[in-house]
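Working notes, beginning with the structure itself.
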Amino acid sequence: MKNALLILVIMTMHSIMSAQNYDESKIPPFTLPELLVNNSGHRITTVEGWENQRRGEILKIFSDQMYGKVPDFEYEITYDLRPVEAPELAGKATMEEVMISLSNANGKVDLTMLLILPANTQGNVPVFLGLNFRGNQATNTNPNITIAKNYIIGDDRPGYIDHRATEESRGTAASRWPLELILEKGYGLATIHCGDIDPDFDDGFENGVHALLDSRPVADEWGTIAAWAWGLSRAMDYFETDDRIDPNKVAVIGHSRLGKASLWAGANDQRFALVISNDSGCGGAALSRRRIGETVEAINTRFPHWFCRNFHQYNDREDELPIDQHMLIALMAPRPVYVASAQEDQWADPKGEFRSLYLASPVYQLFGLPVLQNQQQPEVDKPVDSGFQGYHVRSGGHDITRYDWDQYIKFADKHFQ
Ligand code: GCU
């Protein structure tokens with residue numbers, strides 16, 4: 001019986017994946033929901049109208065229908081710093097682990113944040129904060145970083161056995177976290193294994209921060225992406241207590257599913273001064289209604305725990321969504337936002353990622369800020385930015401690379417340095 005069910009699930013997944021469209025000419029015509037017309041049909045024309053009314057309406061729809069809202073719950077939060085010996089930094093920077101512990105009567109969840117800061121700073125360090133897929137120890141070759149204990153996504157790389165990290169995993173994702181570059185440009189870096197916040201498998205929300213609640217999420221309550229975003233805000237809580245860091249200069253960054261989380265964190269928590277989405281695709285920066293590459297049905301089938309249950313009702317019914325992802329990007333305004341794609345990453349719909357960013361422009365305009373001038377997706381490896389909206393499509397595949405970081409740092413420099 002169990003095997004028959006498994007075969008059925010695999011067959012359904014296979015048929016959904018192979019039925020994906022990659023042909024622009026086959027995208028059905030669609031109309032996007034109005035960004036600047038409120039729920040009662042009135043056009044928003046002022047910053048006040050946006051900030052006091054429309055922004056909240058849009059945030060609520062995303063919360064109720066897509067990512068799921070975080071229920072009210074009480075917890076205690078404590079921070080414990082442990083220095084990590086890092087002679088390779090030659091005194092130019094410090095490496096620490098900050099244990100962010102969240103606890104209440106239901107239990108305790110520990111988020112281990114790796115924090116690397118340029119040395120001898122005067123309380124003004126800007127920081128890039130991002131979740132990682134494979135444990136803090138994979139982001140850097142330093143042998144003293146604590147090895148992630150929680151469930152690791154995928155199991156196909158050297159250094160991982162049965163979804164757990166081993167010594168051999170050290171530094172295996174270092175190319176995604178170009179520390180030297182980040183430090184040299186005057187930034188700090190903070191990263192947490194996403195599995196510390198919520199392990200990325202469909203566990204009925206028994207694990208991670210969900211376990212701190214008395215009951216499991218109902219239809220409009222948080223899935224894993226919302227839990228990750230919430231965890232990013234807990235890192236932000238910590239930054240506000242560390243006087244080496246400038247909490248007004250924190251950029252939240254994420255790749256792929258973790259880019260979906262960085263966008264949702266940026267939408268909810270306006271303490272993040274800059275938001276970066278790297279190849280976040282469906283459920284991230286890409287417009288859902290384009291139905292090219294990954295679709296709502298495909299994502300909800302393969303990852304039923306990512307979004308709230310209400311989102312499943314839009315499987316193959318994208319036109320009924322009361323929002324689309326350009327509205328998510330608009331929630332970042334007036335803060336700077338950067339969206340990046342990769343040319344070969346058609347699953348994430350590079351063009352749809354660019355369109356969302358472009359279509360968020362009217363809100364930046366309300367604030368009197370410069371916006372992207374050209375509605376055409378830029379050429380490969382030709383970044384564009386208006387100062388507040390940045391975009392590039394990099395040659396190559398689904399990844400976050402040194403090239404991507406070069407662009408993010410250039411963009412962040414305009415606001416933070
Ligand atoms: C899958 C998934 C994407 C996701 C990606 C990732 O490809 O379909 O939505 O962005 O994994 O996180 O790497």
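In the structure tokens, each chain is lettered A, B, ... as it comes, each chain's residues begin at 1, and ligands are numbered from 1 in order of appearance.
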If you run DSSP on this backbone, which residues of segment 28-164 of chain A come out as helix (DSSP H, G or I), and could you give them as a VMD selection string?
-> chain A and resid 47 to 67 87 to 89 136 to 138
Write out as a PyMOL selection string each polymer residue (protein, DNA or RNA) that has an atom no more than 9 Å from ligand 1, with only C-alpha atoms and all ligand atoms counted.
-> chain A and resi 133+255-260+279-284+294-295+298-299+302-303+347-348+398-399
12 Å contact set for Thr172 of chain A, only C-alpha atoms, chain neighbours under 6 positions out, as number ranges by chain = A: 132-142, 157-160, 165-166
Close residues, Leu89 of chain A itself excluded, 12 Å, only C-alpha atoms, min 4 positions apart in chain, as an MDAnalysis selection string = chainID A and resid 84:85 93:95 116:119 140:142 179:180 183:184
Residues within 10 Å of segment 370-381 of chain A, only C-alpha atoms, excluding chain neighbours under 6 positions, as a list of chain:residue names |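 With the cut-off at 10 Å, the set is A:Ser341, A:Ala342, A:Gln343, A:Pro350, A:Lys351, A:Gly352, A:Glu353, A:Phe354, A:Arg355, A:Leu357, A:Tyr358, A:Leu359, A:Ala360, A:Ser361, A:Pro362, A:Val363, A:Tyr364, A:Gly387, A:Phe388, A:Gln389, A:Gly390, A:Tyr391, A:His392, A:Val393, A:Arg394, A:Ser395, A:Gly396, A:Tyr403, A:Asp404.
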Quick one: write out the picked residues with N, CA and C atoms as a PDB file, in the first residue's frame?
ATOM      1  N   SER A 341      18.711  36.745 -11.846  1.00  0.00           N
ATOM      2  CA  SER A 341      18.331  35.494 -12.500  1.00  0.00           C
ATOM      3  C   SER A 341      19.581  34.868 -13.098  1.00  0.00           C
ATOM      4  N   ALA A 342      19.447  33.633 -13.572  1.00  0.00           N
ATOM      5  CA  ALA A 342      20.534  33.002 -14.318  1.00  0.00           C
ATOM      6  C   ALA A 342      19.966  32.500 -15.641  1.00  0.00           C
ATOM      7  N   GLN A 343      20.760  32.685 -16.680  1.00  0.00           N
ATOM      8  CA  GLN A 343      20.272  32.424 -18.035  1.00  0.00           C
ATOM      9  C   GLN A 343      19.740  31.000 -18.207  1.00  0.00           C
ATOM     10  N   PRO A 350      13.487  33.483 -15.583  1.00  0.00           N
ATOM     11  CA  PRO A 350      14.209  34.758 -15.500  1.00  0.00           C
ATOM     12  C   PRO A 350      13.389  35.955 -15.980  1.00  0.00           C
ATOM     13  N   LYS A 351      12.669  35.757 -17.073  1.00  0.00           N
ATOM     14  CA  LYS A 351      11.917  36.900 -17.604  1.00  0.00           C
ATOM     15  C   LYS A 351      10.819  37.332 -16.624  1.00  0.00           C
ATOM     16  N   GLY A 352      10.169  36.354 -16.027  1.00  0.00           N
ATOM     17  CA  GLY A 352       9.109  36.643 -15.054  1.00  0.00           C
ATOM     18  C   GLY A 352       9.660  37.298 -13.791  1.00  0.00           C
ATOM     19  N   GLU A 353      10.911  36.957 -13.450  1.00  0.00           N
ATOM     20  CA  GLU A 353      11.544  37.591 -12.290  1.00  0.00           C
ATOM     21  C   GLU A 353      11.803  39.072 -12.598  1.00  0.00           C
ATOM     22  N   PHE A 354      12.298  39.322 -13.813  1.00  0.00           N
ATOM     23  CA  PHE A 354      12.534  40.722 -14.193  1.00  0.00           C
ATOM     24  C   PHE A 354      11.221  41.507 -14.244  1.00  0.00           C
ATOM     25  N   ARG A 355      10.188  40.906 -14.827  1.00  0.00           N
ATOM     26  CA  ARG A 355       8.898  41.618 -14.981  1.00  0.00           C
ATOM     27  C   ARG A 355       8.343  42.060 -13.631  1.00  0.00           C
ATOM     28  N   LEU A 357       9.955  42.783 -10.955  1.00  0.00           N
ATOM     29  CA  LEU A 357      10.736  43.923 -10.462  1.00  0.00           C
ATOM     30  C   LEU A 357      10.311  45.183 -11.200  1.00  0.00           C
ATOM     31  N   TYR A 358      10.210  45.057 -12.515  1.00  0.00           N
ATOM     32  CA  TYR A 358       9.851  46.222 -13.324  1.00  0.00           C
ATOM     33  C   TYR A 358       8.450  46.727 -12.949  1.00  0.00           C
ATOM     34  N   LEU A 359       7.530  45.796 -12.771  1.00  0.00           N
ATOM     35  CA  LEU A 359       6.135  46.175 -12.518  1.00  0.00           C
ATOM     36  C   LEU A 359       5.902  46.711 -11.098  1.00  0.00           C
ATOM     37  N   ALA A 360       6.932  46.620 -10.263  1.00  0.00           N
ATOM     38  CA  ALA A 360       6.819  47.218  -8.928  1.00  0.00           C
ATOM     39  C   ALA A 360       7.119  48.724  -8.989  1.00  0.00           C
ATOM     40  N   SER A 361       7.563  49.201 -10.156  1.00  0.00           N
ATOM     41  CA  SER A 361       8.009  50.598 -10.299  1.00  0.00           C
ATOM     42  C   SER A 361       6.998  51.640  -9.814  1.00  0.00           C
ATOM     43  N   PRO A 362       5.692  51.491 -10.104  1.00  0.00           N
ATOM     44  CA  PRO A 362       4.765  52.568  -9.708  1.00  0.00           C
ATOM     45  C   PRO A 362       4.839  52.918  -8.217  1.00  0.00           C
ATOM     46  N   VAL A 363       5.176  51.958  -7.376  1.00  0.00           N
ATOM     47  CA  VAL A 363       5.261  52.276  -5.946  1.00  0.00           C
ATOM     48  C   VAL A 363       6.533  53.087  -5.665  1.00  0.00           C
ATOM     49  N   TYR A 364       7.630  52.726  -6.322  1.00  0.00           N
ATOM     50  CA  TYR A 364       8.852  53.532  -6.167  1.00  0.00           C
ATOM     51  C   TYR A 364       8.605  54.951  -6.683  1.00  0.00           C
ATOM     52  N   GLY A 387      19.154  52.518  -8.975  1.00  0.00           N
ATOM     53  CA  GLY A 387      19.536  52.972  -7.639  1.00  0.00           C
ATOM     54  C   GLY A 387      18.697  52.254  -6.600  1.00  0.00           C
ATOM     55  N   PHE A 388      17.439  52.003  -6.928  1.00  0.00           N
ATOM     56  CA  PHE A 388      16.537  51.348  -5.974  1.00  0.00           C
ATOM     57  C   PHE A 388      16.042  49.991  -6.449  1.00  0.00           C
ATOM     58  N   GLN A 389      16.034  49.775  -7.752  1.00  0.00           N
ATOM     59  CA  GLN A 389      15.723  48.445  -8.292  1.00  0.00           C
ATOM     60  C   GLN A 389      16.954  47.994  -9.077  1.00  0.00           C
ATOM     61  N   GLY A 390      17.504  46.842  -8.703  1.00  0.00           N
ATOM     62  CA  GLY A 390      18.665  46.324  -9.433  1.00  0.00           C
ATOM     63  C   GLY A 390      18.313  44.982 -10.035  1.00  0.00           C
ATOM     64  N   TYR A 391      18.924  44.696 -11.184  1.00  0.00           N
ATOM     65  CA  TYR A 391      18.636  43.402 -11.830  1.00  0.00           C
ATOM     66  C   TYR A 391      19.811  42.969 -12.698  1.00  0.00           C
ATOM     67  N   HIS A 392      20.058  41.664 -12.721  1.00  0.00           N
ATOM     68  CA  HIS A 392      20.902  41.114 -13.779  1.00  0.00           C
ATOM     69  C   HIS A 392      20.484  39.682 -14.044  1.00  0.00           C
ATOM     70  N   VAL A 393      20.771  39.266 -15.272  1.00  0.00           N
ATOM     71  CA  VAL A 393      20.665  37.845 -15.587  1.00  0.00           C
ATOM     72  C   VAL A 393      22.083  37.392 -15.930  1.00  0.00           C
ATOM     73  N   ARG A 394      22.579  36.514 -15.102  1.00  0.00           N
ATOM     74  CA  ARG A 394      23.963  36.038 -15.250  1.00  0.00           C
ATOM     75  C   ARG A 394      24.004  34.871 -16.223  1.00  0.00           C
ATOM     76  N   SER A 395      25.120  34.743 -16.956  1.00  0.00           N
ATOM     77  CA  SER A 395      25.252  33.540 -17.778  1.00  0.00           C
ATOM     78  C   SER A 395      25.454  32.361 -16.830  1.00  0.00           C
ATOM     79  N   GLY A 396      25.047  31.185 -17.258  1.00  0.00           N
ATOM     80  CA  GLY A 396      25.220  30.008 -16.411  1.00  0.00           C
ATOM     81  C   GLY A 396      23.928  29.586 -15.744  1.00  0.00           C
ATOM     82  N   TYR A 403      30.139  36.468  -9.186  1.00  0.00           N
ATOM     83  CA  TYR A 403      29.606  37.514 -10.075  1.00  0.00           C
ATOM     84  C   TYR A 403      28.350  38.140  -9.450  1.00  0.00           C
ATOM     85  N   ASP A 404      27.459  37.287  -8.950  1.00  0.00           N
ATOM     86  CA  ASP A 404      26.230  37.799  -8.330  1.00  0.00           C
ATOM     87  C   ASP A 404      26.575  38.718  -7.155  1.00  0.00           C
TER      88      ASP A 404
END
Got a sec to tell me which of segment 229-266 of chain A DSSP assigns to strand (DSSP E), as a count of residues only?
-> 11
Ser103 of chain A: which residues within 8 Å, counting only C-alpha atoms, same-chain residues fewer than 3 positions away excluded, as a ChimeraX atom specification?
-> /A:75-77,106-109,212
Find the residues around Ser288 of chain A up to 12 Å (only C-alpha atoms counted), leave out those fewer than 6 positions away in its own chain, and share them as an NGL selection string.
-> :A and (27-28 or 30-33 or 66 or 281-282 or 294-299 or 311 or 314-328 or 348-349 or 351-353 or 355-356)
Would you give me, as JSON lines, each residue of segment 55-96 of chain A having an atom within 12 Å of an atom of segment 262-275 of chain A, along with its shortest atom pair and that distance in Å to one decimal, using only C-alpha atoms and sorting by chain and residue number?
{"residue": "A:Arg55", "atom": "CA", "partner": "A:Ala267", "partner_atom": "CA", "distance": 9.7}
{"residue": "A:Gly56", "atom": "CA", "partner": "A:Asn268", "partner_atom": "CA", "distance": 10.0}
{"residue": "A:Ile58", "atom": "CA", "partner": "A:Ala267", "partner_atom": "CA", "distance": 10.1}
{"residue": "A:Leu59", "atom": "CA", "partner": "A:Ala267", "partner_atom": "CA", "distance": 7.4}
{"residue": "A:Lys60", "atom": "CA", "partner": "A:Asn268", "partner_atom": "CA", "distance": 10.0}
{"residue": "A:Phe62", "atom": "CA", "partner": "A:Trp264", "partner_atom": "CA", "distance": 9.1}
{"residue": "A:Ser63", "atom": "CA", "partner": "A:Asn268", "partner_atom": "CA", "distance": 9.3}
{"residue": "A:Met66", "atom": "CA", "partner": "A:Trp264", "partner_atom": "CA", "distance": 10.4}
{"residue": "A:Tyr67", "atom": "CA", "partner": "A:Trp264", "partner_atom": "CA", "distance": 8.0}
{"residue": "A:Gly68", "atom": "CA", "partner": "A:Trp264", "partner_atom": "CA", "distance": 10.5}
{"residue": "A:Lys69", "atom": "CA", "partner": "A:Asn268", "partner_atom": "CA", "distance": 10.2}
{"residue": "A:Val70", "atom": "CA", "partner": "A:Asn268", "partner_atom": "CA", "distance": 10.6}
Which of A:Tyr187, A:Asn21, A:Arg335, A:Pro383 sits closest to Phe367 of chain A [using only C-alpha atoms] |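 Residue with the minimum atom-to-atom distance to Phe367 of chain A: A:Arg335.
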In terms of the shortest atom-to-atom distance over only C-alpha atoms, which of A:Gly154, A:Gly223, A:Ile100, A:Leu366 is closest to Met236 of chain A?
->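 For Met236 of chain A, the nearest of the given residues is A:Ile100.
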Pick from A:Tyr338, A:Phe128, A:Phe201, A:Trp228, whichever lies nearest to Gly186 of chain A using only C-alpha atoms =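 Once distances to Gly186 of chain A are computed over only C-alpha atoms, the minimum belongs to A:Phe128.
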So how far away is atom CA of Gln65 of chain A from atom CA of Asp220 of chain A, in Å?
->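 Distance reported for this atom pair: 6.4 Å.
Comparing the minimum interatomic distances between Val337 of chain A and each of A:Arg290, A:His163, A:His415, A:Arg402, counting only C-alpha atoms, we find that A:His415 sits nearest.
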